[in-house]
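Before any comments, here is the structure.
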Amino acid sequence: MENKGEHLLEKYFANALSPAERIELQQLLNQDPALRKEYDFQQTLAGAIRPGSLRDGLQDTALRAAAEASKPAIRRNIFLMSLAVAASVVALVAAVWFFALPKDPVGNALATNLTHYPNRMDFRSLGGPEVGQETVPDDVRRAFELYDDSTNYHRSAEALGAVVQRYPERLAYRFYYGCALLRDKQYTLAIYHLQPVAGAPENTYQPAALYHLGLAYAGAGQYPQARATLQEFLQAPNTLQKYRQPAENMLKALPGK
């Protein structure tokens with residue numbers, strides 16, 4: 001189990017996770033069987049703690065006898081202490097139960113169904129131009145190197161943004177910029193750059209742009225637009241099969257009808 005996963009799991013059971021960290025933990029749980037096993041064990045352990053068991057322990061014969069033999073003030077202190085401990089246990093169990101429930105179905109669906117879209121440009125090998133290909137400018141190549149790395153979407157979004165500014169007519173560059181923005185959770189800006197790609201039916205990236213535009217709308221809280229766009233994606237001919245189920249999953253997570 002990775003240190004990052006252990007840290008997030010510890011914060012989860014301490015009721016200290018931020019919304020972004022909850023999403024990150026869910027992703028790690030989906031990817032790491034060992035972390036999932038530890039999570040399940042901790043959940044089982046928390047579920048085994050019940051106020052009733054604590055009450056039964058406090059009703060042990062020896063403790064009752066000691067309380068009966070004590071002065072009223074001492075008996076009262078024991079009673080108050082037992083109530084405080086029982087309340088703490090109830091709070092712990094309630095907190096575990098509370099955070100185990102899905103509080104943000106749209107956010108959870110985004111984290112589950114948004115994956116890295118591979119670089120399908122002719123120069124995706126990042127080598128020199130092949131026969132008949134145009135020479136790839138250095139700034140474009142560096143931007144796609146960052147995109148292919150897929151570990152820092154903020155840096156790749158910045159680099160691709162500069163490329164799109166320099167080559168505004170290249171829909172392919174704009175599409176990958178939109179994907180990077182989407183992964184960086186810059187949903188409004190992702191919508192702005194994915195819209196022209198999704199609206200140009202003659203370009204190669206139009207179906208994928210429709211799907212990612214639907215996710216961007218969902219992330220921005222524009223649920224009617226997200227629903228309409230994802231439905232358009234599913235109804236379009238030659239729909240990318242690998243994104244059909246994720247699109248349906250997102251539609252189910254959207255509020256309303």
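Every chain in the structure tokens takes a letter, A first, then B, and so on in the order presented; its residues are numbered from 1, and the ligands are numbered from 1 following the presented order.
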Exercise. Identify all residues of segment 186-245 of chain A in alpha helix (DSSP H) (DSSP on the backbone) and supply them as a ChimeraX atom specification.
Key: /A:187-198,206-219,223-235,244-245
So that I have them on file, write out the residues from the current selection with N, CA and C atoms, as a compact mmCIF listing (two decimals), in the first residue's frame.
# COMPACT_ATOMS: atom_id res chain seq x y z
N TYR A 187 -13.44 23.36 -15.54
CA TYR A 187 -14.57 22.90 -16.34
C TYR A 187 -15.10 23.97 -17.30
N THR A 188 -15.22 25.20 -16.84
CA THR A 188 -15.78 26.25 -17.71
C THR A 188 -14.89 26.49 -18.92
N LEU A 189 -13.59 26.55 -18.71
CA LEU A 189 -12.66 26.76 -19.81
C LEU A 189 -12.63 25.53 -20.73
N ALA A 190 -12.76 24.34 -20.15
CA ALA A 190 -12.81 23.12 -20.97
C ALA A 190 -14.03 23.16 -21.89
N ILE A 191 -15.16 23.61 -21.37
CA ILE A 191 -16.38 23.73 -22.20
C ILE A 191 -16.13 24.65 -23.38
N TYR A 192 -15.50 25.78 -23.11
CA TYR A 192 -15.27 26.78 -24.15
C TYR A 192 -14.45 26.20 -25.31
N HIS A 193 -13.45 25.38 -24.98
CA HIS A 193 -12.56 24.87 -26.04
C HIS A 193 -13.06 23.57 -26.65
N LEU A 194 -13.88 22.81 -25.94
CA LEU A 194 -14.40 21.57 -26.52
C LEU A 194 -15.62 21.82 -27.41
N GLN A 195 -16.35 22.89 -27.17
CA GLN A 195 -17.56 23.17 -27.95
C GLN A 195 -17.29 23.24 -29.46
N PRO A 196 -16.29 24.01 -29.93
CA PRO A 196 -16.10 24.06 -31.39
C PRO A 196 -15.68 22.73 -31.99
N VAL A 197 -14.98 21.90 -31.22
CA VAL A 197 -14.57 20.58 -31.74
C VAL A 197 -15.79 19.67 -31.82
N ALA A 198 -16.61 19.69 -30.78
CA ALA A 198 -17.82 18.86 -30.77
C ALA A 198 -18.82 19.31 -31.82
N GLN A 206 -14.49 14.72 -33.22
CA GLN A 206 -15.83 15.18 -32.85
C GLN A 206 -16.56 14.24 -31.87
N PRO A 207 -16.59 12.91 -32.08
CA PRO A 207 -17.29 12.04 -31.12
C PRO A 207 -16.67 12.11 -29.73
N ALA A 208 -15.34 12.03 -29.65
CA ALA A 208 -14.68 12.09 -28.34
C ALA A 208 -14.89 13.45 -27.69
N ALA A 209 -14.94 14.50 -28.51
CA ALA A 209 -15.16 15.84 -27.96
C ALA A 209 -16.56 15.95 -27.35
N LEU A 210 -17.55 15.31 -27.98
CA LEU A 210 -18.91 15.30 -27.44
C LEU A 210 -18.93 14.67 -26.05
N TYR A 211 -18.28 13.53 -25.93
CA TYR A 211 -18.26 12.83 -24.64
C TYR A 211 -17.60 13.69 -23.57
N HIS A 212 -16.42 14.23 -23.86
CA HIS A 212 -15.69 15.02 -22.88
C HIS A 212 -16.40 16.34 -22.59
N LEU A 213 -17.09 16.89 -23.58
CA LEU A 213 -17.86 18.10 -23.34
C LEU A 213 -19.00 17.82 -22.36
N GLY A 214 -19.64 16.65 -22.51
CA GLY A 214 -20.68 16.26 -21.56
C GLY A 214 -20.14 16.18 -20.14
N LEU A 215 -18.94 15.64 -19.97
CA LEU A 215 -18.33 15.56 -18.64
C LEU A 215 -18.00 16.95 -18.11
N ALA A 216 -17.53 17.83 -18.99
CA ALA A 216 -17.20 19.19 -18.57
C ALA A 216 -18.45 19.93 -18.09
N TYR A 217 -19.56 19.76 -18.81
CA TYR A 217 -20.82 20.36 -18.37
C TYR A 217 -21.21 19.83 -16.99
N ALA A 218 -21.05 18.52 -16.79
CA ALA A 218 -21.39 17.92 -15.50
C ALA A 218 -20.52 18.49 -14.39
N GLY A 219 -19.22 18.60 -14.66
CA GLY A 219 -18.32 19.15 -13.66
C GLY A 219 -18.62 20.59 -13.31
N TYR A 223 -26.17 20.67 -15.57
CA TYR A 223 -26.66 19.31 -15.75
C TYR A 223 -27.57 19.12 -16.97
N PRO A 224 -28.48 20.06 -17.31
CA PRO A 224 -29.27 19.86 -18.53
C PRO A 224 -28.40 19.78 -19.79
N GLN A 225 -27.37 20.65 -19.87
CA GLN A 225 -26.47 20.61 -21.01
C GLN A 225 -25.66 19.31 -21.03
N ALA A 226 -25.25 18.86 -19.84
CA ALA A 226 -24.50 17.60 -19.75
C ALA A 226 -25.34 16.44 -20.25
N ARG A 227 -26.61 16.40 -19.81
CA ARG A 227 -27.50 15.32 -20.23
C ARG A 227 -27.73 15.34 -21.74
N ALA A 228 -28.00 16.51 -22.29
CA ALA A 228 -28.26 16.62 -23.72
C ALA A 228 -27.03 16.22 -24.54
N THR A 229 -25.86 16.64 -24.10
CA THR A 229 -24.63 16.35 -24.84
C THR A 229 -24.28 14.87 -24.78
N LEU A 230 -24.40 14.26 -23.61
CA LEU A 230 -24.10 12.83 -23.49
C LEU A 230 -25.10 11.99 -24.28
N GLN A 231 -26.36 12.39 -24.30
CA GLN A 231 -27.36 11.68 -25.10
C GLN A 231 -27.06 11.82 -26.58
N GLU A 232 -26.62 13.01 -26.99
CA GLU A 232 -26.23 13.21 -28.39
C GLU A 232 -25.06 12.31 -28.75
N PHE A 233 -24.12 12.18 -27.82
CA PHE A 233 -22.97 11.30 -28.05
C PHE A 233 -23.43 9.86 -28.24
N LEU A 234 -24.34 9.40 -27.40
CA LEU A 234 -24.80 8.01 -27.46
C LEU A 234 -25.63 7.74 -28.72
N GLN A 235 -26.33 8.75 -29.22
CA GLN A 235 -27.19 8.58 -30.38
C GLN A 235 -26.47 8.80 -31.70
N ARG A 244 -19.25 4.34 -24.34
CA ARG A 244 -20.69 4.22 -24.23
C ARG A 244 -21.11 3.97 -22.78
N GLN A 245 -20.49 2.98 -22.14
CA GLN A 245 -20.87 2.67 -20.76
C GLN A 245 -20.54 3.83 -19.81
Quiz item: Interatomic distance between atom CA of Asp184 of chain A and atom CA of Arg120 of chain A?
Solution: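 Interatomic distance here is 20.0 Å.
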Exercise. Rounded to one decimal place, report the atom CA of Leu146 of chain A-atom CA of Pro19 of chain A distance in Å.
Key: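 We find that atom CA of Leu146 of chain A and atom CA of Pro19 of chain A lie 26.4 Å from each other.
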Self-check item: Between atom CA of Leu181 of chain A and atom CA of Val136 of chain A - distance in Å to one decimal
Solution: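 Atom CA of Leu181 of chain A lies at a distance of 22.5 Å from atom CA of Val136 of chain A.
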